[in-house]
Amino acid sequence: MSSEHLVGTSIPRFTFDTPTKPGNDFYALCEGEQPLVMIFLPAFDHPVTREYLTHYLKTYARLRGVRLACVVRSSARTVAQATQGAEFPFPIICDAPGVLYSYLGVEQARGLRSWSFAAQRIYKTAKEQGYRYDSSAPQILPLTLVVGHLGKILFIHSGRSQTDLPEDCTAIREIAREVASTLAAGPEGPRTRCSDETLTLPDLVGWDDVDNDR
């Protein structure tokens with residue numbers, strides 16, 4: 001199911017954990033003149049996640065006029081252990097139970113639908129390095145958002161394969177420019193109102209007790 005209907009709506013205010021800092025305010029992350037591009041990836045140890053995080057780190061100097069945050073289906077503790085507490089130049093939002101993924105309708109696909117030539121190459125390299133996976137298991141498809149003031153969704157793209165997402169920070173910058181150009185050409189919509197309530201990620205969809213540490 002497409003998530004295009006979410007454009008123009010606002011993500012409720014919530015707090016999130018990064019590998020180095022708990023309880024961050026999502027609306028504070030959205031503040032500022034520059035739009036925020038959010039890229040939803042599988043778990044932190046997934047080969048596709050590692051591939052694209054590496055691309056973004058290598059090309060981060062090209063990221064001008066836009067900010068980046070990546071979301072992973074792993075706990076902050078798991079990522080902190082894997083990176084030995086190293087800081088990223090952009091936020092890594094840790095959502096092990098997949099609350100944001102569910103809220104935004106991030107899709108999964110089985111088999112050939114989720115594969116691309118790039119994904120085959122990534123898995124082949126990972127397998128040579130000892131990574132084991134079930135090729136028939138459902139795979140998270142990436143989601144790319146551009147978010148503005150108070151969590152307003154300005155653009156959304158649901159990936160049709162595991163590698164249907166911005167290749168590097170140059171591509172991220174171009175997406176943000178295109179969105180800004182489109183907004184400048186159209187009528188200005190109503191200013192989004194700020195929620196008075198700040199939720200934790202589980203609260204966002206009414207999850208009372210979540211303990212999923214991937």
# chains A, B, ... in the order shown; residues from 1 in each chain; ligands from 1

$ select_by_dssp --residues "region 12-211 of chain A" --states "helix (DSSP H, G or I)" --output "number ranges by chain"
A: 26-30, 47-58, 60-62, 76-83, 99-104, 111-114, 117-128, 149-151, 169-185, 201-204

$ select_by_dssp --residues "region 58-121 of chain A" --states "strand (DSSP E)" --output "ChimeraX atom specification"
/A:67-72,92-94,108-109

$ closest_residue --among "A:Tyr131, A:Tyr27, A:Tyr101, A:Phe90" --to "Val66 (chain A)" --atoms "only C-alpha atoms"
A:Phe90

$ residues_around --residues "Cys30 (chain A)" --least-positions-apart "5" --cutoff "7 Å" --atoms "only C-alpha atoms" --output "ChimeraX atom specification"
/A:36,147-151

$ write_last_selection --atoms "C-alpha atoms" --output "PDB file, in the first residue's frame"
ATOM      1  CA  LEU A  36      15.301  16.875   7.187  1.00  0.00           C
ATOM      2  CA  VAL A 147      10.219  16.408   6.759  1.00  0.00           C
ATOM      3  CA  GLY A 148       9.747  20.047   7.642  1.00  0.00           C
ATOM      4  CA  HIS A 149       8.706  22.141  10.639  1.00  0.00           C
ATOM      5  CA  LEU A 150       6.865  20.209  13.389  1.00  0.00           C
ATOM      6  CA  GLY A 151       7.221  16.911  11.587  1.00  0.00           C
TER       7      GLY A 151
END

$ atom_distance --atom1 "CA of Ala96 (chain A)" --atom2 "CA of Lys58 (chain A)"
25.5 Å

$ closest_residue --among "A:Ala119, A:Ile156, A:Val99, A:Ala126" --to "Arg73 (chain A)" --atoms "only C-alpha atoms"
A:Val99

$ residues_around --residues "Tyr123 (chain A)" --least-positions-apart "4" --cutoff "9 Å" --atoms "only C-alpha atoms" --output "PyMOL selection string"
chain A and resi 47-48+118-119+127-128+131+133

$ residues_around --residues "Thr15 (chain A)" --least-positions-apart "4" --cutoff "6 Å" --atoms "only C-alpha atoms" --output "PDB file with N, CA and C atoms, in the first residue's frame"
ATOM      1  N   GLY A  23      16.202   9.616  24.633  1.00  0.00           N
ATOM      2  CA  GLY A  23      15.183  10.629  24.885  1.00  0.00           C
ATOM      3  C   GLY A  23      15.281  11.896  24.081  1.00  0.00           C
ATOM      4  N   ASN A  24      15.637  11.811  22.802  1.00  0.00           N
ATOM      5  CA  ASN A  24      15.721  12.990  21.940  1.00  0.00           C
ATOM      6  C   ASN A  24      14.334  13.409  21.448  1.00  0.00           C
ATOM      7  N   ASP A  25      14.125  14.711  21.304  1.00  0.00           N
ATOM      8  CA  ASP A  25      12.844  15.271  20.872  1.00  0.00           C
ATOM      9  C   ASP A  25      12.798  15.339  19.341  1.00  0.00           C
ATOM     10  N   PHE A  26      11.850  14.630  18.745  1.00  0.00           N
ATOM     11  CA  PHE A  26      11.754  14.600  17.288  1.00  0.00           C
ATOM     12  C   PHE A  26      11.471  15.979  16.704  1.00  0.00           C
ATOM     13  N   THR A 200       6.620   8.673  23.646  1.00  0.00           N
ATOM     14  CA  THR A 200       7.753   7.802  23.358  1.00  0.00           C
ATOM     15  C   THR A 200       7.400   7.027  22.099  1.00  0.00           C
TER      16      THR A 200
END

$ closest_residue --among "A:Arg177, A:His157, A:Glu167, A:Gly65" --to "Val7 (chain A)" --atoms "only C-alpha atoms"
A:His157

$ residues_around --residues "Asp45 (chain A)" --least-positions-apart "6" --cutoff "9 Å" --atoms "only C-alpha atoms" --output "list in words"
Ser74, Val79 and Ala82 of chain A

$ write_last_selection --atoms "N, CA, C and O atoms" --output "PDB file, in the first residue's frame"
ATOM      1  N   SER A  74      16.873  -1.504  14.947  1.00  0.00           N
ATOM      2  CA  SER A  74      17.757  -2.047  15.974  1.00  0.00           C
ATOM      3  C   SER A  74      17.678  -1.162  17.205  1.00  0.00           C
ATOM      4  O   SER A  74      17.341   0.019  17.107  1.00  0.00           O
ATOM      5  N   VAL A  79      23.309  -0.971  18.488  1.00  0.00           N
ATOM      6  CA  VAL A  79      24.123  -0.143  17.594  1.00  0.00           C
ATOM      7  C   VAL A  79      25.344   0.383  18.336  1.00  0.00           C
ATOM      8  O   VAL A  79      26.459   0.406  17.784  1.00  0.00           O
ATOM      9  N   ALA A  82      27.887  -2.318  18.480  1.00  0.00           N
ATOM     10  CA  ALA A  82      28.491  -2.596  17.169  1.00  0.00           C
ATOM     11  C   ALA A  82      29.481  -1.515  16.761  1.00  0.00           C
ATOM     12  O   ALA A  82      30.473  -1.796  16.088  1.00  0.00           O
TER      13      ALA A  82
END

$ closest_residue --among "A:Ile11, A:Leu141, A:Leu104, A:Ala69" --to "Pro42 (chain A)" --atoms "only C-alpha atoms"
A:Leu141

$ residues_around --residues "Gln162 (chain A)" --least-positions-apart "2" --cutoff "10 Å" --atoms "only C-alpha atoms" --output "number ranges by chain"
A: 41-42, 48-49, 108-109, 113-116, 118-120, 139-143, 159-160, 164-165

$ closest_residue --among "A:Leu57, A:Cys70, A:Ala76, A:Val146" --to "Pro89 (chain A)" --atoms "only C-alpha atoms"
A:Leu57

$ decode --residues "region 92-136 of chain A" --atoms "N, CA and C atoms" --output "PDB file, in the first residue's frame"
ATOM      1  N   ILE A  92      21.273   8.623  14.113  1.00  0.00           N
ATOM      2  CA  ILE A  92      20.791   7.273  13.842  1.00  0.00           C
ATOM      3  C   ILE A  92      19.636   7.026  14.813  1.00  0.00           C
ATOM      4  N   ILE A  93      18.412   7.041  14.299  1.00  0.00           N
ATOM      5  CA  ILE A  93      17.219   6.838  15.125  1.00  0.00           C
ATOM      6  C   ILE A  93      16.992   5.338  15.261  1.00  0.00           C
ATOM      7  N   CYS A  94      17.000   4.854  16.492  1.00  0.00           N
ATOM      8  CA  CYS A  94      16.898   3.419  16.745  1.00  0.00           C
ATOM      9  C   CYS A  94      15.456   3.048  17.097  1.00  0.00           C
ATOM     10  N   ASP A  95      14.869   2.202  16.269  1.00  0.00           N
ATOM     11  CA  ASP A  95      13.462   1.811  16.414  1.00  0.00           C
ATOM     12  C   ASP A  95      13.365   0.296  16.291  1.00  0.00           C
ATOM     13  N   ALA A  96      13.869  -0.407  17.310  1.00  0.00           N
ATOM     14  CA  ALA A  96      13.889  -1.873  17.260  1.00  0.00           C
ATOM     15  C   ALA A  96      12.500  -2.484  17.060  1.00  0.00           C
ATOM     16  N   PRO A  97      11.460  -2.025  17.771  1.00  0.00           N
ATOM     17  CA  PRO A  97      10.136  -2.633  17.575  1.00  0.00           C
ATOM     18  C   PRO A  97       9.444  -2.211  16.287  1.00  0.00           C
ATOM     19  N   GLY A  98       9.999  -1.247  15.566  1.00  0.00           N
ATOM     20  CA  GLY A  98       9.412  -0.851  14.280  1.00  0.00           C
ATOM     21  C   GLY A  98       8.169   0.004  14.387  1.00  0.00           C
ATOM     22  N   VAL A  99       8.078   0.821  15.434  1.00  0.00           N
ATOM     23  CA  VAL A  99       6.890   1.645  15.628  1.00  0.00           C
ATOM     24  C   VAL A  99       6.731   2.672  14.509  1.00  0.00           C
ATOM     25  N   LEU A 100       7.801   3.385  14.187  1.00  0.00           N
ATOM     26  CA  LEU A 100       7.731   4.354  13.090  1.00  0.00           C
ATOM     27  C   LEU A 100       7.470   3.655  11.760  1.00  0.00           C
ATOM     28  N   TYR A 101       8.057   2.484  11.595  1.00  0.00           N
ATOM     29  CA  TYR A 101       7.863   1.721  10.366  1.00  0.00           C
ATOM     30  C   TYR A 101       6.376   1.387  10.182  1.00  0.00           C
ATOM     31  N   SER A 102       5.742   0.974  11.267  1.00  0.00           N
ATOM     32  CA  SER A 102       4.315   0.663  11.199  1.00  0.00           C
ATOM     33  C   SER A 102       3.480   1.914  10.963  1.00  0.00           C
ATOM     34  N   TYR A 103       3.824   2.988  11.673  1.00  0.00           N
ATOM     35  CA  TYR A 103       3.057   4.230  11.559  1.00  0.00           C
ATOM     36  C   TYR A 103       3.084   4.771  10.139  1.00  0.00           C
ATOM     37  N   LEU A 104       4.240   4.670   9.492  1.00  0.00           N
ATOM     38  CA  LEU A 104       4.406   5.228   8.148  1.00  0.00           C
ATOM     39  C   LEU A 104       4.140   4.215   7.038  1.00  0.00           C
ATOM     40  N   GLY A 105       3.802   2.998   7.415  1.00  0.00           N
ATOM     41  CA  GLY A 105       3.471   1.997   6.408  1.00  0.00           C
ATOM     42  C   GLY A 105       4.655   1.494   5.613  1.00  0.00           C
ATOM     43  N   VAL A 106       5.821   1.389   6.263  1.00  0.00           N
ATOM     44  CA  VAL A 106       6.991   0.842   5.569  1.00  0.00           C
ATOM     45  C   VAL A 106       6.685  -0.603   5.184  1.00  0.00           C
ATOM     46  N   GLU A 107       6.916  -0.938   3.933  1.00  0.00           N
ATOM     47  CA  GLU A 107       6.518  -2.230   3.403  1.00  0.00           C
ATOM     48  C   GLU A 107       7.614  -3.278   3.516  1.00  0.00           C
ATOM     49  N   GLN A 108       7.168  -4.544   3.441  1.00  0.00           N
ATOM     50  CA  GLN A 108       8.078  -5.674   3.333  1.00  0.00           C
ATOM     51  C   GLN A 108       7.696  -6.465   2.094  1.00  0.00           C
ATOM     52  N   ALA A 109       8.656  -7.167   1.544  1.00  0.00           N
ATOM     53  CA  ALA A 109       8.388  -7.973   0.355  1.00  0.00           C
ATOM     54  C   ALA A 109       9.188  -9.261   0.435  1.00  0.00           C
ATOM     55  N   ARG A 110       8.651 -10.292  -0.174  1.00  0.00           N
ATOM     56  CA  ARG A 110       9.341 -11.581  -0.235  1.00  0.00           C
ATOM     57  C   ARG A 110       9.901 -11.811  -1.640  1.00  0.00           C
ATOM     58  N   GLY A 111      10.969 -12.592  -1.699  1.00  0.00           N
ATOM     59  CA  GLY A 111      11.456 -13.099  -2.960  1.00  0.00           C
ATOM     60  C   GLY A 111      11.889 -12.030  -3.943  1.00  0.00           C
ATOM     61  N   LEU A 112      11.615 -12.286  -5.219  1.00  0.00           N
ATOM     62  CA  LEU A 112      12.143 -11.461  -6.299  1.00  0.00           C
ATOM     63  C   LEU A 112      11.660 -10.030  -6.250  1.00  0.00           C
ATOM     64  N   ARG A 113      10.487  -9.774  -5.655  1.00  0.00           N
ATOM     65  CA  ARG A 113       9.966  -8.419  -5.637  1.00  0.00           C
ATOM     66  C   ARG A 113      10.923  -7.461  -4.946  1.00  0.00           C
ATOM     67  N   SER A 114      11.661  -7.931  -3.961  1.00  0.00           N
ATOM     68  CA  SER A 114      12.526  -7.047  -3.184  1.00  0.00           C
ATOM     69  C   SER A 114      13.951  -6.970  -3.728  1.00  0.00           C
ATOM     70  N   TRP A 115      14.263  -7.765  -4.752  1.00  0.00           N
ATOM     71  CA  TRP A 115      15.641  -7.844  -5.223  1.00  0.00           C
ATOM     72  C   TRP A 115      15.926  -6.869  -6.350  1.00  0.00           C
ATOM     73  N   SER A 116      17.162  -6.481  -6.446  1.00  0.00           N
ATOM     74  CA  SER A 116      17.661  -5.670  -7.550  1.00  0.00           C
ATOM     75  C   SER A 116      19.073  -6.157  -7.811  1.00  0.00           C
ATOM     76  N   PHE A 117      19.664  -5.739  -8.937  1.00  0.00           N
ATOM     77  CA  PHE A 117      21.042  -6.134  -9.216  1.00  0.00           C
ATOM     78  C   PHE A 117      21.979  -5.628  -8.123  1.00  0.00           C
ATOM     79  N   ALA A 118      21.719  -4.410  -7.651  1.00  0.00           N
ATOM     80  CA  ALA A 118      22.554  -3.848  -6.587  1.00  0.00           C
ATOM     81  C   ALA A 118      22.434  -4.673  -5.312  1.00  0.00           C
ATOM     82  N   ALA A 119      21.202  -5.098  -4.972  1.00  0.00           N
ATOM     83  CA  ALA A 119      21.000  -5.918  -3.775  1.00  0.00           C
ATOM     84  C   ALA A 119      21.716  -7.259  -3.911  1.00  0.00           C
ATOM     85  N   GLN A 120      21.660  -7.860  -5.086  1.00  0.00           N
ATOM     86  CA  GLN A 120      22.357  -9.138  -5.300  1.00  0.00           C
ATOM     87  C   GLN A 120      23.857  -8.981  -5.076  1.00  0.00           C
ATOM     88  N   ARG A 121      24.410  -7.872  -5.558  1.00  0.00           N
ATOM     89  CA  ARG A 121      25.836  -7.623  -5.364  1.00  0.00           C
ATOM     90  C   ARG A 121      26.168  -7.458  -3.886  1.00  0.00           C
ATOM     91  N   ILE A 122      25.318  -6.703  -3.176  1.00  0.00           N
ATOM     92  CA  ILE A 122      25.546  -6.466  -1.746  1.00  0.00           C
ATOM     93  C   ILE A 122      25.498  -7.774  -0.965  1.00  0.00           C
ATOM     94  N   TYR A 123      24.502  -8.608  -1.247  1.00  0.00           N
ATOM     95  CA  TYR A 123      24.386  -9.887  -0.544  1.00  0.00           C
ATOM     96  C   TYR A 123      25.537 -10.827  -0.883  1.00  0.00           C
ATOM     97  N   LYS A 124      25.966 -10.818  -2.132  1.00  0.00           N
ATOM     98  CA  LYS A 124      27.073 -11.688  -2.534  1.00  0.00           C
ATOM     99  C   LYS A 124      28.338 -11.336  -1.752  1.00  0.00           C
ATOM    100  N   THR A 125      28.620 -10.034  -1.658  1.00  0.00           N
ATOM    101  CA  THR A 125      29.791  -9.589  -0.899  1.00  0.00           C
ATOM    102  C   THR A 125      29.661  -9.940   0.577  1.00  0.00           C
ATOM    103  N   ALA A 126      28.449  -9.721   1.129  1.00  0.00           N
ATOM    104  CA  ALA A 126      28.221 -10.024   2.546  1.00  0.00           C
ATOM    105  C   ALA A 126      28.368 -11.519   2.826  1.00  0.00           C
ATOM    106  N   LYS A 127      27.891 -12.348   1.892  1.00  0.00           N
ATOM    107  CA  LYS A 127      28.004 -13.797   2.070  1.00  0.00           C
ATOM    108  C   LYS A 127      29.455 -14.232   2.068  1.00  0.00           C
ATOM    109  N   GLU A 128      30.259 -13.616   1.216  1.00  0.00           N
ATOM    110  CA  GLU A 128      31.686 -13.925   1.166  1.00  0.00           C
ATOM    111  C   GLU A 128      32.381 -13.546   2.469  1.00  0.00           C
ATOM    112  N   GLN A 129      31.799 -12.590   3.188  1.00  0.00           N
ATOM    113  CA  GLN A 129      32.366 -12.137   4.466  1.00  0.00           C
ATOM    114  C   GLN A 129      31.757 -12.873   5.656  1.00  0.00           C
ATOM    115  N   GLY A 130      30.912 -13.883   5.371  1.00  0.00           N
ATOM    116  CA  GLY A 130      30.372 -14.716   6.439  1.00  0.00           C
ATOM    117  C   GLY A 130      28.932 -14.445   6.832  1.00  0.00           C
ATOM    118  N   TYR A 131      28.282 -13.491   6.163  1.00  0.00           N
ATOM    119  CA  TYR A 131      26.892 -13.166   6.514  1.00  0.00           C
ATOM    120  C   TYR A 131      25.970 -14.268   6.005  1.00  0.00           C
ATOM    121  N   ARG A 132      25.022 -14.712   6.826  1.00  0.00           N
ATOM    122  CA  ARG A 132      24.050 -15.734   6.447  1.00  0.00           C
ATOM    123  C   ARG A 132      22.649 -15.158   6.525  1.00  0.00           C
ATOM    124  N   TYR A 133      21.808 -15.485   5.573  1.00  0.00           N
ATOM    125  CA  TYR A 133      20.460 -14.940   5.531  1.00  0.00           C
ATOM    126  C   TYR A 133      19.524 -15.925   4.856  1.00  0.00           C
ATOM    127  N   ASP A 134      18.237 -15.727   5.093  1.00  0.00           N
ATOM    128  CA  ASP A 134      17.192 -16.544   4.486  1.00  0.00           C
ATOM    129  C   ASP A 134      16.631 -15.759   3.307  1.00  0.00           C
ATOM    130  N   SER A 135      16.946 -16.188   2.099  1.00  0.00           N
ATOM    131  CA  SER A 135      16.527 -15.440   0.911  1.00  0.00           C
ATOM    132  C   SER A 135      15.013 -15.434   0.716  1.00  0.00           C
ATOM    133  N   SER A 136      14.301 -16.351   1.374  1.00  0.00           N
ATOM    134  CA  SER A 136      12.845 -16.392   1.227  1.00  0.00           C
ATOM    135  C   SER A 136      12.124 -15.565   2.288  1.00  0.00           C
TER     136      SER A 136
END
